[in-house]
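Here is the structure we will look at.
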Amino acid sequence: MTESQGNSEKMSKQKRERSLLAVSGAAALLVLAVNLGINAFNSHRKNRKNKDLQGSKVRVNLSASEILKLADRIITKSKEVHDAVASIPLDKVTYMNVISPLAELEAQQFPLVQSCVFPKMVTTSDDVHKASAEAERRIDTHLLACSKREDVYRVVKAFAARGEWVNAEAKNYTQALMRDFERNGLNLTLTKREEMQRVRIQIDKLSLQYIQNLTEDSTFLLFAETELAGLPPEFLKSLDKVTDGKFKVTLKSHHVGAVLELCEVGTTRRMVAVAYGKRCGEVNLSILEDLVQLRHKFARLLGYSSYADCAVDLRMAKTPSKVFEFLEDISNSLTDSANMELSMLKDLKRKEEGDHPFGIEDLLYYVKKAEAQQFNVDFGALKQYFPVNLVLSGVFKIVQDLFGLRFEEIADAEVWHSDVCVYSVFDLSSGELLGHFYLDMYIREGKYNNTCVVALQNGALSSNGSRQIPVVLMIAQLQKDVSGHPALLRFSEVVDLFHEFGHVVQHICNRASFARFSGLGFDQDFVEVPALVLENWCYESFTLKLISGFHQDITKPIKDEMCKAIKRWRCSFSALKMRQEILYSLFDQIIHSAENVDIVELFKHLHPRILLGLPMLEDVNPASRFPCSAIGHEAACYSRIWSEVFAADIFASKFHDSYLNQYVGMQFRNKVLAPGGAKEPIEVLTSFLGREPSTQAFIDSKSQYRL
């Protein structure tokens, strides 16, 4: 996940040095874990000298007052540059007096903006958190005003009309500036622009109300202990009880997920699934209907026929018709595998519950049951083999060996908490400094509670030819070692770690000339691809052996049989699971592609068609299940599947038989990561693969291990 994800109004933002050496083998692994893992990642550092990072403009440890002062200086400087550009006579416009100042401003101010904004994610100080949030509000307000400056738009448009491009990337950057202005209606009449603003305000208000309704929903169900058979004692202990001894199960995701996955009582699963599907009832259904119509109206004001046309136009997919074709192709290709999987689940239910019909509420429970029967994977026990330090050491080794990098820890760099590590990243061959990497691993009170990567400084090429290097932050939520016992990772946390390291490498290895196209500034249909590619290493025996070791004796990695079982488990029931994702993606795309769609009837129609005859639960409200259609990913729910497909193609065709082939890794680094958003994703993919991308590897992966 990248920090750029979020609501539409937020999208304007987004000791000594020690080398980590590439070693292998059991003895070397022990050295790697002990000398690098434990020491390099030891969070208790003292007597820092607060060394500045070469090439970094990011400022850490600002006080509340310093944050607000810096925010005001950022706004003042930005206004000066925009005013200067706006003052250029239309017949005197050049690249150097119009485009270059705006590009330089963007590159230079982004790390200062992030210096104001990122503290709210990591600070333990209430005052700093409040100041950071206020600074973000002020800067966002200013940036929104800049995006609506008609005087600046006229000047940029005058330069664009000349067609005097310095190079292809400069042309793309200029066109991106024009697109931003015109998406704010600056090419429309004042009347239409004012109407756009009114519609946007309504959309924002309804979107937040939709989410607030779901968040504040306090509905609960009461069950006797016998009705919750199969749920672990620790879960039952976490539930509130009422006077008659019954347990209170809320409709929050952690309660619903546990019941649907573990409860042996079919009627309980059905009651919880139905109640979850009715959350917020007609209120949110009405809001979603209004939101969809308002989005269509907004899109028409911009000259599009539907909101889906407007949203997808800026993405790799380009058109809703391409999205529909893509989803239908994947869905149809998985039909046979999904039918086989569903048949197995129905047989399991028949053996356990008799002739009761199989419903959508049974999927999670019987998938888990089938996996337990088919694979000997005890994830609780598996956790004993993933000490944090050992896993991190292995991740560093793989990333370095594969992409030709060298990470060096900077022991005396200034940080905001003693847990934070800082690394400089160098090209392994030339020794060139490529960027810096902050790693804030451990959970603490007040810290942002999700694992993510945040761009702190974007790479860019200045007008004088010097290069600004990238700086990136990874935030994780790992437990620390306690009383001599090493912190251990769940396997899902191991996968998350690889995923986020993919984003770190993506940011550090970017060589785009413009900050806007740097690192995480990929096309939104493509931005997750590098991270999804790196996830694949988590399921290969080579990697699992490298990053694992029993916590009491790290020279003992997990066994070959377990490695194979984990890989098979990954693909279990994947066709059926993917058909569920396709259902939601089709629903989202259809409601945003046509007007006056009966949302309930649409879902009733799609549900059995995509899920192989399984009907929608009675009286459920589809709006209760689609927060992504209300805010954040509207008309773009398909994007995760899209990214997975191309990541599968990359891994299968280039890395599958050569996990640490540095030649292939360097090709990936130079052809995919280096251009960033400066080139069209399809051009980048075709260059790397040597052919047009294909869906076949993804489809094969979903049917590779037939149960």
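We name chains A, B, ... following the order of the structure tokens; residues begin at 1 in each chain, and ligands are numbered from 1 as shown.
Near Val259 of chain A, within 8 Å and counting only C-alpha atoms, sit Leu228, Leu231, His255, Val256, Leu262, Cys263, Thr268, Arg269 and Val272 of chain A, not including residues fewer than 3 positions from it in the same chain.
Taking atom CA of Ile554 of chain A as the reference point, atom CA of Gln384 of chain A is found at 10.1 Å.
From atom CA of Thr191 of chain A back to atom CA of Ser593 of chain A, the distance works out to 25.5 Å.
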Would you mind listing, for every residue of segment 96-194 of chain A within 9 Å of segment 408-421 of chain A, the two atoms forming the shortest contact and the distance between them in Å to one decimal, using only C-alpha atoms, sorted by chain and ascending residue number, as a Markdown table?
| residue | atom | partner | partner_atom | distance |
| --- | --- | --- | --- | --- |
| A:Pro119 | CA | A:Trp416 | CA | 8.6 |
| A:Val122 | CA | A:Trp416 | CA | 7.8 |
| A:Thr123 | CA | A:Trp416 | CA | 7.3 |
With all heavy atoms retained, export the selected residues as a tab-separated table (two decimals), in the first residue's frame.
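Output file out_22.tsv follows:
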chain	number	residue	atom	x	y	z
A	119	PRO	N	4.90	13.93	10.18
A	119	PRO	CA	4.97	13.76	11.63
A	119	PRO	C	3.68	13.26	12.27
A	119	PRO	O	3.73	12.54	13.28
A	119	PRO	CB	5.32	15.18	12.12
A	119	PRO	CG	6.12	15.76	11.01
A	119	PRO	CD	5.46	15.24	9.76
A	122	VAL	N	3.78	9.53	12.80
A	122	VAL	CA	4.81	8.85	13.59
A	122	VAL	C	5.03	9.45	14.99
A	122	VAL	O	5.66	8.83	15.83
A	122	VAL	CB	6.16	8.84	12.84
A	122	VAL	CG1	6.04	8.07	11.53
A	122	VAL	CG2	6.66	10.27	12.58
A	123	THR	N	4.51	10.64	15.22
A	123	THR	CA	4.83	11.33	16.48
A	123	THR	C	4.08	10.74	17.67
A	123	THR	O	2.99	10.18	17.52
A	123	THR	CB	4.52	12.83	16.36
A	123	THR	OG1	4.97	13.50	17.55
A	123	THR	CG2	3.02	13.07	16.19
Extract, using only C-alpha atoms, all DNA, RNA and protein residues at most 9 Å from Leu342 of chain A, discarding same-chain residues fewer than 6 positions from it, and format them as a ChimeraX atom specification.
/A:363,573,576,612
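Residue nearest Ala594 of chain A, chosen from A:Gln580, A:Ser466, A:Ser305, A:Ser321 and counting only C-alpha atoms: A:Ser305.
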Counting only C-alpha atoms, the option among A:Leu428, A:Cys509, A:Ile203, A:Leu105 closest to Glu634 of chain A:
A:Ile203
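Of note, atom CA of Ala133 of chain A and atom CA of Gln202 of chain A are spaced 23.3 Å apart.
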List every residue of segment 274-330 of chain A that has an atom at most 12 Å from any atom of segment 674-680 of chain A, giving for each one its closest atom pair and the distance in Å to one decimal, counting only C-alpha atoms, sorted by chain and then by ascending residue number, as a tab-separated table.
residue	atom	partner	partner_atom	distance
A:Leu314	CA	A:Glu680	CA	10.8
A:Arg315	CA	A:Glu680	CA	9.6
A:Met316	CA	A:Glu680	CA	7.6
A:Ala317	CA	A:Glu680	CA	10.9
A:Lys318	CA	A:Glu680	CA	11.1
Store the residues picked out above, limited to all heavy atoms, as a PDB file, in the first residue's frame.
ATOM      1  N   LEU A 314      -7.578   8.241 -17.164  1.00  0.00           N
ATOM      2  CA  LEU A 314      -6.242   8.584 -16.683  1.00  0.00           C
ATOM      3  C   LEU A 314      -5.438   7.361 -16.269  1.00  0.00           C
ATOM      4  O   LEU A 314      -4.315   7.487 -15.779  1.00  0.00           O
ATOM      5  CB  LEU A 314      -6.346   9.540 -15.492  1.00  0.00           C
ATOM      6  CG  LEU A 314      -7.045  10.869 -15.764  1.00  0.00           C
ATOM      7  CD1 LEU A 314      -6.987  11.750 -14.529  1.00  0.00           C
ATOM      8  CD2 LEU A 314      -6.422  11.581 -16.958  1.00  0.00           C
ATOM      9  N   ARG A 315      -6.009   6.176 -16.433  1.00  0.00           N
ATOM     10  CA  ARG A 315      -5.356   4.953 -15.984  1.00  0.00           C
ATOM     11  C   ARG A 315      -4.890   4.114 -17.163  1.00  0.00           C
ATOM     12  O   ARG A 315      -5.262   4.370 -18.309  1.00  0.00           O
ATOM     13  CB  ARG A 315      -6.331   4.138 -15.116  1.00  0.00           C
ATOM     14  CG  ARG A 315      -6.638   4.808 -13.781  1.00  0.00           C
ATOM     15  CD  ARG A 315      -7.742   4.070 -13.037  1.00  0.00           C
ATOM     16  NE  ARG A 315      -7.893   4.572 -11.684  1.00  0.00           N
ATOM     17  CZ  ARG A 315      -7.307   4.048 -10.614  1.00  0.00           C
ATOM     18  NH1 ARG A 315      -6.530   2.989 -10.751  1.00  0.00           N
ATOM     19  NH2 ARG A 315      -7.495   4.567  -9.419  1.00  0.00           N
ATOM     20  N   MET A 316      -4.123   3.111 -16.864  1.00  0.00           N
ATOM     21  CA  MET A 316      -3.575   2.235 -17.887  1.00  0.00           C
ATOM     22  C   MET A 316      -4.678   1.598 -18.733  1.00  0.00           C
ATOM     23  O   MET A 316      -4.505   1.405 -19.941  1.00  0.00           O
ATOM     24  CB  MET A 316      -2.728   1.155 -17.223  1.00  0.00           C
ATOM     25  CG  MET A 316      -1.987   0.246 -18.169  1.00  0.00           C
ATOM     26  SD  MET A 316      -1.019  -0.969 -17.226  1.00  0.00           S
ATOM     27  CE  MET A 316      -0.430  -2.021 -18.561  1.00  0.00           C
ATOM     28  N   ALA A 317      -5.797   1.270 -18.119  1.00  0.00           N
ATOM     29  CA  ALA A 317      -6.890   0.605 -18.838  1.00  0.00           C
ATOM     30  C   ALA A 317      -7.496   1.497 -19.917  1.00  0.00           C
ATOM     31  O   ALA A 317      -8.004   1.005 -20.924  1.00  0.00           O
ATOM     32  CB  ALA A 317      -7.974   0.160 -17.858  1.00  0.00           C
ATOM     33  N   LYS A 318      -7.522   2.801 -19.670  1.00  0.00           N
ATOM     34  CA  LYS A 318      -7.966   3.841 -20.615  1.00  0.00           C
ATOM     35  C   LYS A 318      -9.484   3.929 -20.808  1.00  0.00           C
ATOM     36  O   LYS A 318     -10.035   5.024 -20.851  1.00  0.00           O
ATOM     37  CB  LYS A 318      -7.301   3.674 -21.987  1.00  0.00           C
ATOM     38  CG  LYS A 318      -5.797   3.796 -21.973  1.00  0.00           C
ATOM     39  CD  LYS A 318      -5.339   5.131 -21.384  1.00  0.00           C
ATOM     40  CE  LYS A 318      -3.825   5.265 -21.408  1.00  0.00           C
ATOM     41  NZ  LYS A 318      -3.365   6.460 -20.657  1.00  0.00           N
TER      42      LYS A 318
END
Just want the 8 Å neighbourhood of Leu302 of chain A, counted on only C-alpha atoms, with same-chain residues fewer than 3 positions away dropped. Output as a PyMOL selection string.
chain A and resi 183+185+298-299
Using all heavy atoms, can you write the selected residues to a file as a PDB file, in the first residue's frame?
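As written to disk, again38.pdb reads:
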ATOM      1  N   ARG A 183      -9.122  19.466 -15.391  1.00  0.00           N
ATOM      2  CA  ARG A 183      -9.962  18.634 -14.524  1.00  0.00           C
ATOM      3  C   ARG A 183     -10.592  19.469 -13.408  1.00  0.00           C
ATOM      4  O   ARG A 183     -11.512  19.015 -12.737  1.00  0.00           O
ATOM      5  CB  ARG A 183      -9.143  17.502 -13.936  1.00  0.00           C
ATOM      6  CG  ARG A 183      -8.845  16.408 -14.954  1.00  0.00           C
ATOM      7  CD  ARG A 183      -9.458  15.104 -14.541  1.00  0.00           C
ATOM      8  NE  ARG A 183      -9.598  14.175 -15.650  1.00  0.00           N
ATOM      9  CZ  ARG A 183     -10.097  12.959 -15.539  1.00  0.00           C
ATOM     10  NH1 ARG A 183     -10.517  12.528 -14.361  1.00  0.00           N
ATOM     11  NH2 ARG A 183     -10.227  12.175 -16.580  1.00  0.00           N
ATOM     12  N   GLY A 185     -11.823  22.333 -14.299  1.00  0.00           N
ATOM     13  CA  GLY A 185     -12.808  23.110 -15.043  1.00  0.00           C
ATOM     14  C   GLY A 185     -12.324  24.417 -15.623  1.00  0.00           C
ATOM     15  O   GLY A 185     -13.143  25.244 -16.053  1.00  0.00           O
ATOM     16  N   PHE A 298     -20.791  15.211 -12.698  1.00  0.00           N
ATOM     17  CA  PHE A 298     -19.455  15.807 -12.673  1.00  0.00           C
ATOM     18  C   PHE A 298     -18.696  15.454 -13.949  1.00  0.00           C
ATOM     19  O   PHE A 298     -18.062  16.308 -14.584  1.00  0.00           O
ATOM     20  CB  PHE A 298     -18.699  15.299 -11.440  1.00  0.00           C
ATOM     21  CG  PHE A 298     -17.352  15.921 -11.238  1.00  0.00           C
ATOM     22  CD1 PHE A 298     -17.215  17.132 -10.584  1.00  0.00           C
ATOM     23  CD2 PHE A 298     -16.209  15.291 -11.709  1.00  0.00           C
ATOM     24  CE1 PHE A 298     -15.970  17.709 -10.395  1.00  0.00           C
ATOM     25  CE2 PHE A 298     -14.957  15.854 -11.525  1.00  0.00           C
ATOM     26  CZ  PHE A 298     -14.838  17.067 -10.864  1.00  0.00           C
ATOM     27  N   ALA A 299     -18.765  14.184 -14.339  1.00  0.00           N
ATOM     28  CA  ALA A 299     -18.062  13.733 -15.537  1.00  0.00           C
ATOM     29  C   ALA A 299     -18.604  14.407 -16.792  1.00  0.00           C
ATOM     30  O   ALA A 299     -17.831  14.788 -17.688  1.00  0.00           O
ATOM     31  CB  ALA A 299     -18.170  12.215 -15.658  1.00  0.00           C
TER      32      ALA A 299
END
